[in-house]
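Undergrad: The following file, final08.pdb, comprises PDB, C-alpha atoms:
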```
ATOM      1  CA  MET I   1       6.282  62.640  44.445
ATOM      2  CA  ASN I   2       2.983  60.868  45.029
ATOM      3  CA  ARG I   3       2.377  59.192  48.340
ATOM      4  CA  SER I   4      -0.650  58.133  50.327
ATOM      5  CA  HIS I   5      -0.491  58.268  54.117
ATOM      6  CA  GLU I   6      -2.722  56.116  56.283
ATOM      7  CA  SER I   7      -4.567  56.957  59.482
ATOM      8  CA  ARG I   8      -2.556  58.358  62.335
ATOM      9  CA  ALA I   9      -2.297  55.942  65.207
ATOM     10  CA  GLY I  10      -4.560  56.893  68.057
ATOM     11  CA  SER I  11      -6.796  59.223  66.041
ATOM     12  CA  THR I  12     -10.541  58.776  65.783
ATOM     13  CA  ASP I  13     -12.586  58.630  62.613
ATOM     14  CA  ASN I  14     -15.103  61.371  61.909
ATOM     15  CA  ASP I  15     -18.750  60.453  62.139
ATOM     16  CA  GLN I  16     -20.021  60.018  58.592
ATOM     17  CA  SER I  17     -23.676  59.653  59.552
ATOM     18  CA  ALA I  18     -26.425  61.989  58.405
ATOM     19  CA  THR I  19     -26.614  65.157  60.443
ATOM     20  CA  GLY I  20     -29.990  66.485  59.400
ATOM     21  CA  ARG I  21     -28.658  70.039  59.377
ATOM     22  CA  ARG I  22     -29.768  70.599  55.829
ATOM     23  CA  GLY I  23     -33.446  69.808  56.384
ATOM     24  CA  PHE I  24     -35.549  72.856  55.830
ATOM     25  CA  LEU I  25     -32.887  74.771  53.895
ATOM     26  CA  ARG I  26     -33.006  72.270  51.068
ATOM     27  CA  GLY I  27     -36.654  73.073  50.590
ATOM     28  CA  ALA I  28     -36.341  76.845  50.692
ATOM     29  CA  ALA I  29     -36.213  78.228  47.172
ATOM     30  CA  THR I  30     -34.945  81.659  48.167
ATOM     31  CA  VAL I  31     -32.046  80.255  50.163
ATOM     32  CA  GLY I  32     -31.285  77.798  47.382
ATOM     33  CA  THR I  33     -31.147  80.579  44.842
ATOM     34  CA  THR I  34     -28.866  82.564  47.115
ATOM     35  CA  LEU I  35     -26.471  79.652  47.500
ATOM     36  CA  VAL I  36     -26.391  79.152  43.747
ATOM     37  CA  GLY I  37     -25.010  82.698  43.629
ATOM     38  CA  PHE I  38     -22.573  81.870  46.417
ATOM     39  CA  GLY I  39     -21.364  78.831  44.497
ATOM     40  CA  ALA I  40     -20.828  80.841  41.348
ATOM     41  CA  ALA I  41     -18.969  83.449  43.351
ATOM     42  CA  THR I  42     -16.614  81.233  45.291
ATOM     43  CA  GLY I  43     -14.956  79.059  42.675
ATOM     44  CA  THR I  44     -11.416  80.283  43.148
ATOM     45  CA  ALA I  45     -10.652  81.608  39.684
ATOM     46  CA  ALA I  46     -13.608  83.971  39.873
ATOM     47  CA  ALA I  47     -14.257  84.076  43.588
ATOM     48  CA  GLY I  48     -16.668  86.943  43.937
ATOM     49  CA  GLY I  49     -14.540  88.939  41.520
ATOM     50  CA  SER I  50     -11.103  87.795  40.444
ATOM     51  CA  ASP I  51      -7.912  86.440  41.977
ATOM     52  CA  GLY I  52      -5.976  87.536  38.919
ATOM     53  CA  ASP I  53      -6.269  84.363  36.828
ATOM     54  CA  TYR I  54      -2.667  83.276  37.401
ATOM     55  CA  GLU I  55      -1.852  79.805  36.072
ATOM     56  CA  ALA I  56       0.246  77.476  38.183
ATOM     57  CA  PRO I  57       2.839  75.062  36.812
ATOM     58  CA  HIS I  58       1.224  71.689  36.150
ATOM     59  CA  ASP I  59       3.383  70.062  38.831
ATOM     60  CA  TYR I  60       2.636  72.586  41.601
ATOM     61  CA  PRO I  61       2.943  70.769  44.949
ATOM     62  CA  LEU I  62      -0.271  69.776  46.698
ATOM     63  CA  ILE I  63      -1.409  67.942  49.767
ATOM     64  CA  SER I  64      -4.458  66.341  48.207
ATOM     65  CA  THR I  65      -7.547  64.555  49.482
ATOM     66  CA  ARG I  66      -9.374  64.720  46.149
ATOM     67  CA  ASP I  67     -11.871  61.905  45.625
ATOM     68  CA  HIS I  68     -11.525  60.814  49.236
ATOM     69  CA  TYR I  69     -15.231  61.626  49.589
ATOM     70  CA  ALA I  70     -18.376  60.916  47.632
ATOM     71  CA  ILE I  71     -22.021  61.775  48.291
ATOM     72  CA  ASN I  72     -24.618  59.071  48.933
ATOM     73  CA  TRP I  73     -28.135  59.059  47.504
ATOM     74  CA  TYR I  74     -29.609  61.024  50.420
ATOM     75  CA  GLY I  75     -26.971  63.726  50.290
ATOM     76  CA  ASP I  76     -24.400  62.864  52.936
ATOM     77  CA  PRO I  77     -20.626  62.633  52.369
ATOM     78  CA  TYR I  78     -18.867  59.329  52.980
ATOM     79  CA  LEU I  79     -15.267  58.135  52.685
ATOM     80  CA  THR I  80     -14.521  56.280  49.474
ATOM     81  CA  ASP I  81     -12.878  52.844  49.452
ATOM     82  CA  GLY I  82      -9.287  52.779  50.576
ATOM     83  CA  HIS I  83      -9.402  56.036  52.518
ATOM     84  CA  THR I  84      -9.484  56.815  56.216
ATOM     85  CA  ALA I  85     -10.382  59.833  58.319
ATOM     86  CA  THR I  86      -6.753  60.980  58.373
ATOM     87  CA  ASP I  87      -4.997  59.821  55.189
ATOM     88  CA  TYR I  88      -3.768  62.200  52.499
ATOM     89  CA  ASP I  89      -1.774  62.203  49.262
ATOM     90  CA  THR I  90       1.097  64.406  48.148
ATOM     91  CA  VAL I  91       1.351  65.231  44.452
ATOM     92  CA  GLY I  92       3.450  67.489  42.259
ATOM     93  CA  ASP I  93       7.043  68.651  42.611
ATOM     94  CA  TRP I  94       8.248  68.568  46.220
ATOM     95  CA  ASP I  95      11.974  68.847  45.475
ATOM     96  CA  LYS I  96      12.298  72.170  47.328
ATOM     97  CA  TYR I  97      10.749  70.679  50.453
ATOM     98  CA  ASP I  98      14.041  69.162  51.595
ATOM     99  CA  ASP I  99      15.683  72.597  51.880
ATOM    100  CA  ALA I 100      12.663  74.369  53.377
ATOM    101  CA  THR I 101      12.895  75.876  56.839
ATOM    102  CA  GLU I 102       9.188  76.698  56.981
ATOM    103  CA  ILE I 103       6.051  75.528  55.132
ATOM    104  CA  CYS I 104       3.045  77.665  54.210
ATOM    105  CA  VAL I 105      -0.150  75.764  53.341
ATOM    106  CA  PHE I 106      -2.912  77.510  51.372
ATOM    107  CA  VAL I 107      -6.411  76.013  51.740
ATOM    108  CA  HIS I 108      -8.885  76.998  49.017
ATOM    109  CA  GLY I 109     -12.608  77.592  49.422
ATOM    110  CA  TRP I 110     -15.837  76.184  48.030
ATOM    111  CA  ASN I 111     -16.385  74.972  44.442
ATOM    112  CA  ALA I 112     -12.703  74.818  43.504
ATOM    113  CA  ASP I 113     -12.645  72.472  40.520
ATOM    114  CA  ASP I 114      -9.418  70.486  40.353
ATOM    115  CA  GLY I 115     -10.226  69.575  36.755
ATOM    116  CA  ASN I 116      -9.847  73.267  35.907
ATOM    117  CA  ASP I 117      -6.783  73.581  38.185
ATOM    118  CA  ASP I 118      -8.642  75.959  40.519
ATOM    119  CA  ASP I 119      -6.858  74.355  43.457
ATOM    120  CA  ILE I 120      -3.282  74.751  42.225
ATOM    121  CA  ASP I 121      -3.934  78.126  40.587
ATOM    122  CA  SER I 122      -5.243  79.656  43.813
ATOM    123  CA  ALA I 123      -2.341  78.295  45.872
ATOM    124  CA  TYR I 124       0.132  79.522  43.258
ATOM    125  CA  THR I 125      -1.525  82.960  43.207
ATOM    126  CA  CYS I 126      -1.114  83.248  46.954
ATOM    127  CA  GLU I 127       2.512  82.145  46.662
ATOM    128  CA  LEU I 128       3.194  84.899  44.118
ATOM    129  CA  ALA I 129       1.728  87.473  46.498
ATOM    130  CA  LEU I 130       3.754  86.114  49.420
ATOM    131  CA  ASP I 131       6.961  86.197  47.351
ATOM    132  CA  GLN I 132       6.170  89.725  46.209
ATOM    133  CA  ASN I 133       6.109  90.755  49.873
ATOM    134  CA  GLY I 134       9.372  89.126  50.867
ATOM    135  CA  TYR I 135       8.062  85.843  52.305
ATOM    136  CA  ASP I 136      10.201  83.127  50.785
ATOM    137  CA  ALA I 137       9.183  79.765  52.223
ATOM    138  CA  PHE I 138       8.054  76.488  50.678
ATOM    139  CA  ASN I 139       4.428  76.967  49.636
ATOM    140  CA  VAL I 140       1.992  74.147  49.042
ATOM    141  CA  GLY I 141      -1.740  73.936  48.398
ATOM    142  CA  PHE I 142      -4.243  71.773  50.265
ATOM    143  CA  SER I 143      -6.731  70.427  47.715
ATOM    144  CA  TRP I 144      -9.991  68.941  48.989
ATOM    145  CA  ASP I 145     -13.381  67.836  47.618
ATOM    146  CA  SER I 146     -15.051  71.235  47.778
ATOM    147  CA  ASP I 147     -17.129  70.693  44.637
ATOM    148  CA  LYS I 148     -19.090  67.554  45.512
ATOM    149  CA  GLY I 149     -22.815  67.392  46.088
ATOM    150  CA  GLY I 150     -25.698  69.135  44.400
ATOM    151  CA  GLY I 151     -29.366  69.896  44.886
ATOM    152  CA  ILE I 152     -30.978  73.256  45.498
ATOM    153  CA  ASP I 153     -28.051  74.393  47.666
ATOM    154  CA  GLN I 154     -25.512  73.441  44.964
ATOM    155  CA  GLY I 155     -23.640  71.213  47.392
ATOM    156  CA  TRP I 156     -22.955  73.893  50.006
ATOM    157  CA  TYR I 157     -23.890  71.763  53.007
ATOM    158  CA  GLU I 158     -22.051  68.732  51.700
ATOM    159  CA  ALA I 159     -18.997  70.971  51.231
ATOM    160  CA  LYS I 160     -19.290  72.218  54.817
ATOM    161  CA  GLU I 161     -19.219  68.661  56.150
ATOM    162  CA  ILE I 162     -16.375  67.627  53.861
ATOM    163  CA  ALA I 163     -14.399  70.721  54.888
ATOM    164  CA  ARG I 164     -14.742  69.804  58.544
ATOM    165  CA  ASN I 165     -13.859  66.176  57.836
ATOM    166  CA  ASN I 166     -10.667  67.307  56.093
ATOM    167  CA  GLY I 167      -9.354  68.871  59.285
ATOM    168  CA  PRO I 168      -7.934  65.567  60.615
ATOM    169  CA  LYS I 169      -6.325  64.885  57.240
ATOM    170  CA  LEU I 170      -4.550  68.248  57.237
ATOM    171  CA  ALA I 171      -3.656  67.769  60.906
ATOM    172  CA  ASN I 172      -2.115  64.401  60.098
ATOM    173  CA  TRP I 173       0.096  65.954  57.417
ATOM    174  CA  ILE I 174       1.149  68.655  59.900
ATOM    175  CA  THR I 175       2.198  66.025  62.422
ATOM    176  CA  ASP I 176       4.143  64.197  59.716
ATOM    177  CA  THR I 177       6.305  67.189  58.809
ATOM    178  CA  ASP I 178       9.209  68.299  60.972
ATOM    179  CA  ARG I 179       9.063  71.915  59.740
ATOM    180  CA  PRO I 180       7.239  74.920  61.208
ATOM    181  CA  VAL I 181       3.878  75.350  59.479
ATOM    182  CA  ARG I 182       1.761  78.389  58.637
ATOM    183  CA  LEU I 183      -1.839  77.928  57.472
ATOM    184  CA  ILE I 184      -3.815  80.287  55.216
ATOM    185  CA  GLY I 185      -7.502  79.500  54.679
ATOM    186  CA  HIS I 186      -9.655  81.357  52.155
ATOM    187  CA  SER I 187     -13.457  81.413  52.422
ATOM    188  CA  LEU I 188     -14.733  77.889  53.298
ATOM    189  CA  GLY I 189     -11.099  76.838  53.672
ATOM    190  CA  ALA I 190     -11.458  78.483  57.091
ATOM    191  CA  ARG I 191     -13.488  75.467  58.222
ATOM    192  CA  VAL I 192     -10.696  73.093  57.175
ATOM    193  CA  VAL I 193      -8.193  75.193  59.131
ATOM    194  CA  GLY I 194     -10.413  75.368  62.217
ATOM    195  CA  SER I 195     -11.032  71.636  62.143
ATOM    196  CA  ALA I 196      -7.295  70.951  61.778
ATOM    197  CA  LEU I 197      -6.571  73.052  64.872
ATOM    198  CA  GLU I 198      -9.334  71.229  66.724
ATOM    199  CA  THR I 199      -7.837  67.857  65.796
ATOM    200  CA  LEU I 200      -4.306  68.886  66.745
ATOM    201  CA  ASN I 201      -5.623  70.038  70.117
ATOM    202  CA  GLU I 202      -7.289  66.669  70.655
ATOM    203  CA  TRP I 203      -3.986  64.986  69.802
ATOM    204  CA  GLY I 204      -2.075  67.197  72.231
ATOM    205  CA  ARG I 205       0.005  68.811  69.478
ATOM    206  CA  HIS I 206       0.168  72.358  70.826
ATOM    207  CA  ASP I 207       3.383  73.345  69.053
ATOM    208  CA  ALA I 208       2.559  72.333  65.496
ATOM    209  CA  VAL I 209       1.234  75.550  63.886
ATOM    210  CA  ARG I 210       3.289  78.732  63.881
ATOM    211  CA  SER I 211       0.384  80.830  62.597
ATOM    212  CA  ALA I 212      -3.089  80.482  61.118
ATOM    213  CA  THR I 213      -4.637  83.121  58.854
ATOM    214  CA  LEU I 214      -8.208  83.411  57.596
ATOM    215  CA  LEU I 215      -9.014  85.426  54.462
ATOM    216  CA  GLY I 216     -12.725  86.168  54.046
ATOM    217  CA  GLY I 217     -13.478  83.248  56.339
ATOM    218  CA  ALA I 218     -16.805  81.486  55.683
ATOM    219  CA  ILE I 219     -17.440  80.294  59.232
ATOM    220  CA  ASP I 220     -19.728  81.885  61.813
ATOM    221  CA  ASP I 221     -18.397  84.925  63.651
ATOM    222  CA  GLU I 222     -18.844  83.245  67.036
ATOM    223  CA  ASP I 223     -16.986  80.065  66.005
ATOM    224  CA  VAL I 224     -13.657  81.701  66.924
ATOM    225  CA  GLU I 225     -14.771  82.627  70.442
ATOM    226  CA  LEU I 226     -13.373  80.814  73.470
ATOM    227  CA  ASP I 227     -16.744  79.368  74.473
ATOM    228  CA  ASP I 228     -17.620  78.201  70.964
ATOM    229  CA  GLU I 229     -16.455  75.933  68.128
ATOM    230  CA  TYR I 230     -12.729  76.648  67.662
ATOM    231  CA  GLY I 231     -11.794  79.219  70.303
ATOM    232  CA  THR I 232      -9.826  77.015  72.665
ATOM    233  CA  ASP I 233      -8.201  75.253  69.706
ATOM    234  CA  ILE I 234      -7.030  78.613  68.355
ATOM    235  CA  ARG I 235      -5.686  79.499  71.793
ATOM    236  CA  ASP I 236      -3.946  76.195  72.426
ATOM    237  CA  VAL I 237      -2.539  75.267  69.002
ATOM    238  CA  ALA I 238      -1.787  78.359  66.889
ATOM    239  CA  GLY I 239       1.201  80.494  67.758
ATOM    240  CA  GLN I 240      -0.835  83.400  66.391
ATOM    241  CA  PHE I 241      -4.191  83.650  64.664
ATOM    242  CA  ASP I 242      -5.109  86.469  62.267
ATOM    243  CA  ASN I 243      -8.533  87.039  60.732
ATOM    244  CA  TYR I 244      -8.847  89.375  57.735
ATOM    245  CA  TYR I 245     -12.358  90.637  57.098
ATOM    246  CA  LYS I 246     -14.143  92.907  54.643
ATOM    247  CA  THR I 247     -17.365  94.562  55.750
ATOM    248  CA  ASP I 248     -18.675  94.982  52.193
ATOM    249  CA  ASP I 249     -17.780  91.474  51.008
ATOM    250  CA  ASP I 250     -20.869  90.822  48.884
ATOM    251  CA  VAL I 251     -20.464  87.041  48.943
ATOM    252  CA  LEU I 252     -20.437  86.912  52.748
ATOM    253  CA  ALA I 253     -22.921  89.734  53.196
ATOM    254  CA  TRP I 254     -25.655  88.149  51.105
ATOM    255  CA  ALA I 255     -25.063  84.528  50.228
ATOM    256  CA  TYR I 256     -23.505  83.395  53.511
ATOM    257  CA  SER I 257     -25.801  85.433  55.736
ATOM    258  CA  LEU I 258     -28.962  84.235  54.016
ATOM    259  CA  GLY I 259     -27.773  80.669  53.596
ATOM    260  CA  GLU I 260     -26.567  80.289  57.203
ATOM    261  CA  PHE I 261     -28.830  82.812  58.966
ATOM    262  CA  ASN I 262     -25.672  84.094  60.609
ATOM    263  CA  SER I 263     -22.741  86.437  60.039
ATOM    264  CA  ALA I 264     -19.399  85.179  58.773
ATOM    265  CA  VAL I 265     -16.180  85.975  60.613
ATOM    266  CA  GLY I 266     -14.893  87.243  57.268
ATOM    267  CA  ARG I 267     -17.389  90.086  57.250
ATOM    268  CA  TYR I 268     -17.110  91.849  60.625
ATOM    269  CA  GLY I 269     -14.635  89.768  62.573
ATOM    270  CA  ILE I 270     -15.335  88.057  65.874
ATOM    271  CA  GLN I 271     -18.804  88.548  67.315
ATOM    272  CA  ASP I 272     -17.717  89.236  70.912
ATOM    273  CA  GLU I 273     -14.252  90.733  71.289
ATOM    274  CA  ALA I 274     -14.328  90.038  75.024
ATOM    275  CA  ASP I 275     -14.381  86.309  74.272
ATOM    276  CA  ALA I 276     -11.453  86.315  71.826
ATOM    277  CA  PRO I 277      -8.456  84.037  72.424
ATOM    278  CA  ALA I 278      -5.372  85.973  73.529
ATOM    279  CA  ASN I 279      -3.540  85.104  70.304
ATOM    280  CA  TYR I 280      -6.457  86.138  68.057
ATOM    281  CA  GLU I 281      -6.414  89.400  66.086
ATOM    282  CA  ASP I 282      -8.921  90.883  63.646
ATOM    283  CA  HIS I 283      -7.801  92.985  60.660
ATOM    284  CA  ASP I 284     -10.244  95.171  58.741
ATOM    285  CA  VAL I 285      -9.134  95.184  55.082
ATOM    286  CA  THR I 286     -12.332  96.646  53.637
ATOM    287  CA  ASP I 287     -10.490  99.499  51.948
ATOM    288  CA  VAL I 288      -7.703  97.259  50.644
ATOM    289  CA  VAL I 289      -9.399  94.166  49.211
ATOM    290  CA  PRO I 290     -11.742  94.828  46.249
ATOM    291  CA  ASP I 291     -13.792  91.620  46.404
ATOM    292  CA  HIS I 292     -14.104  88.141  47.907
ATOM    293  CA  GLY I 293     -11.693  86.571  45.434
ATOM    294  CA  SER I 294      -8.910  89.112  45.763
ATOM    295  CA  TYR I 295      -7.683  88.653  49.325
ATOM    296  CA  TYR I 296      -4.614  86.736  48.159
ATOM    297  CA  GLU I 297      -4.101  88.345  44.743
ATOM    298  CA  PRO I 298      -0.669  89.927  44.088
ATOM    299  CA  GLY I 299      -0.880  93.708  44.178
ATOM    300  CA  ASP I 300      -4.613  93.757  44.835
ATOM    301  CA  GLY I 301      -5.208  91.966  48.135
ATOM    302  CA  CYS I 302      -4.128  92.018  51.752
ATOM    303  CA  ILE I 303      -1.056  89.747  51.612
ATOM    304  CA  PRO I 304       1.242  92.690  52.515
ATOM    305  CA  GLN I 305      -0.643  92.913  55.814
ATOM    306  CA  VAL I 306      -0.526  89.146  56.232
ATOM    307  CA  VAL I 307       3.249  89.011  55.790
ATOM    308  CA  SER I 308       3.753  91.972  58.135
ATOM    309  CA  GLU I 309       2.132  89.903  60.893
ATOM    310  CA  PHE I 310       4.457  86.960  60.220
TER     311      PHE I 310
END
```
As structure tokens, what does this structure read like?

TA:
Amino acid sequence: MNRSHESRAGSTDNDQSATGRRGFLRGAATVGTTLVGFGAATGTAAAGGSDGDYEAPHDYPLISTRDHYAINWYGDPYLTDGHTATDYDTVGDWDKYDDATEICVFVHGWNADDGNDDDIDSAYTCELALDQNGYDAFNVGFSWDSDKGGGIDQGWYEAKEIARNNGPKLANWITDTDRPVRLIGHSLGARVVGSALETLNEWGRHDAVRSATLLGGAIDDEDVELDDEYGTDIRDVAGQFDNYYKTDDDVLAWAYSLGEFNSAVGRYGIQDEADAPANYEDHDVTDVVPDHGSYYEPGDGCIPQVVSEF
């Protein structure tokens, strides 16, 4: 199965212009060095530790937007020829989709190299953990251009923009399916999930996502508040929203905090509990999850807690 889906009617393209957000950070050697460490730590197979090194079948099903983006000479992402703000591809073996009553989509984080199968291996690893805990749905990975860019920040800020721009693409797939959908976003995959909820809210699709789950989310801790980036989208679109955080997550404690000058929601949870959406819940898994890469590892992560909330 290998299809390409065009832009959803009525949707709006993302602004691909330069944002200038990277300015002084690109010139800061200490921040650059920190983000090099973050990049090394967040490739899925060795994401700040290990996700168990499970190998997926070569035909594992994916919603893919790989090579939909490239980086121009001054460091900004742009859509490649033939692609729109909302198109996507489906690859791999989707035979079980026809009998599925529910779909679970795993969204990987930064620096996942599809050439090394980081994207399918991480999704498959999460599926094994879900199966181990009695959740038997159709699982699929969402593979996006998380390893583009370069420079002193190792492509971190390009990846942030591409992650956000992938939200409408994931949202478009969600509107195309007639099955209930659960979303699981690891690390920078949290930005893809948040952007997808934002897009679905703009499209008036308030019944499309049964649940959304963040694992070690690499977005700011205030982004999930009602008066900030994704709060109203969480409230209006997700049936439930669960955030799993680890207070001693070294990747988020050092690399994210120094690179963003902020705290990640995957480290301490929401910044202001009083401003949390009604369907939002934090879960402290510090004593359960050994490292940033293990949230979704069978037998070593927090998937038992995730499934219990389903």

Undergrad: As a check of understanding, name the residues that the PyMOL selection byres ((chain I and resi 176-179) around 7) selects in the supplied structure, as a PyMOL selection string.

TA: chain I and resi 101-103+172-175+180-181

Undergrad: Would you save the residues of that selection, restricted to C-alpha atoms, as a compact mmCIF listing (two decimals), keeping the file's coordinate frame?

TA:
```txt
# COMPACT_ATOMS: atom_id res chain seq x y z
CA THR I 101 12.90 75.88 56.84
CA GLU I 102 9.19 76.70 56.98
CA ILE I 103 6.05 75.53 55.13
CA ASN I 172 -2.12 64.40 60.10
CA TRP I 173 0.10 65.95 57.42
CA ILE I 174 1.15 68.66 59.90
CA THR I 175 2.20 66.03 62.42
CA PRO I 180 7.24 74.92 61.21
CA VAL I 181 3.88 75.35 59.48
```

Undergrad: Check the smallest atom-to-atom distance from each of I:Ala85, I:Ala218, I:Val237, I:Val192 to Arg205 of chain I using all atoms listed in the file, then report the winner.

TA: I:Val237

Undergrad: I'd like the box whose edges run along x, y and z of the file and which contains every listed atom of segment 211-217 of chain I, padded by 3 Å per side; could you state its centre and edge lengths in Å, one decimal, as JSON?

TA:
```
{"center_x": -6.5, "center_y": 83.3, "center_z": 58.3, "size_x": 19.9, "size_y": 11.7, "size_z": 14.6}
```

Undergrad: Work out how far atom CA of Ile219 of chain I is from atom CA of Arg191 of chain I, in Å to one decimal.

TA: 6.3 Å

Undergrad: Compare I:Pro61, I:Asp67, I:Ala190, I:Asp95 by their minimum atom-to-atom distance to Val140 of chain I, counting all atoms listed in the file, and give me the closest one.

TA: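 With all atoms listed in the file as the atom set, the closest residue is I:Pro61.
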
Undergrad: What does the PyMOL selection byres ((chain I and resi 235) around 10) select in this file, as a list in words?

TA: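 This file gives the following for the PyMOL selection byres ((chain I and resi 235) around 10): Leu197, Asn201, His206, Val224, Glu225, Leu226, Tyr230, Gly231, Thr232, Asp233, Ile234, Asp236, Val237, Ala238, Gly239, Gln240, Phe241, Ala276, Pro277, Ala278, Asn279 and Tyr280 of chain I.
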
Undergrad: For a test of reading the model, state the distance in Å between atom CA of Asp249 of chain I and atom CA of Asp291 of chain I, rounded to one decimal.

TA: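 That distance, rounded to one decimal, is 6.1 Å.
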
Undergrad: Got a sec: who's within 10 Å of Ala159 of chain I, counting only C-alpha atoms, leaving out chain neighbours fewer than 5 positions off, as an NGL selection string?

TA: :I and (76-77 or 109-111 or 144-150 or 154 or 164-165 or 188 or 191)

Undergrad: So, counting all atoms listed in the file, which residue among I:Ser187, I:Ser143, I:Gln132, I:Ser294 is closest to Asp118 of chain I?

TA: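 The closest residue to Asp118 of chain I is I:Ser143.
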
Undergrad: Counting only C-alpha atoms, which residue out of I:Leu183, I:Val288, I:Leu62, I:Ala163 sits closest to Tyr124 of chain I?

TA: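 For Tyr124 of chain I, the nearest of the candidates is I:Leu62.
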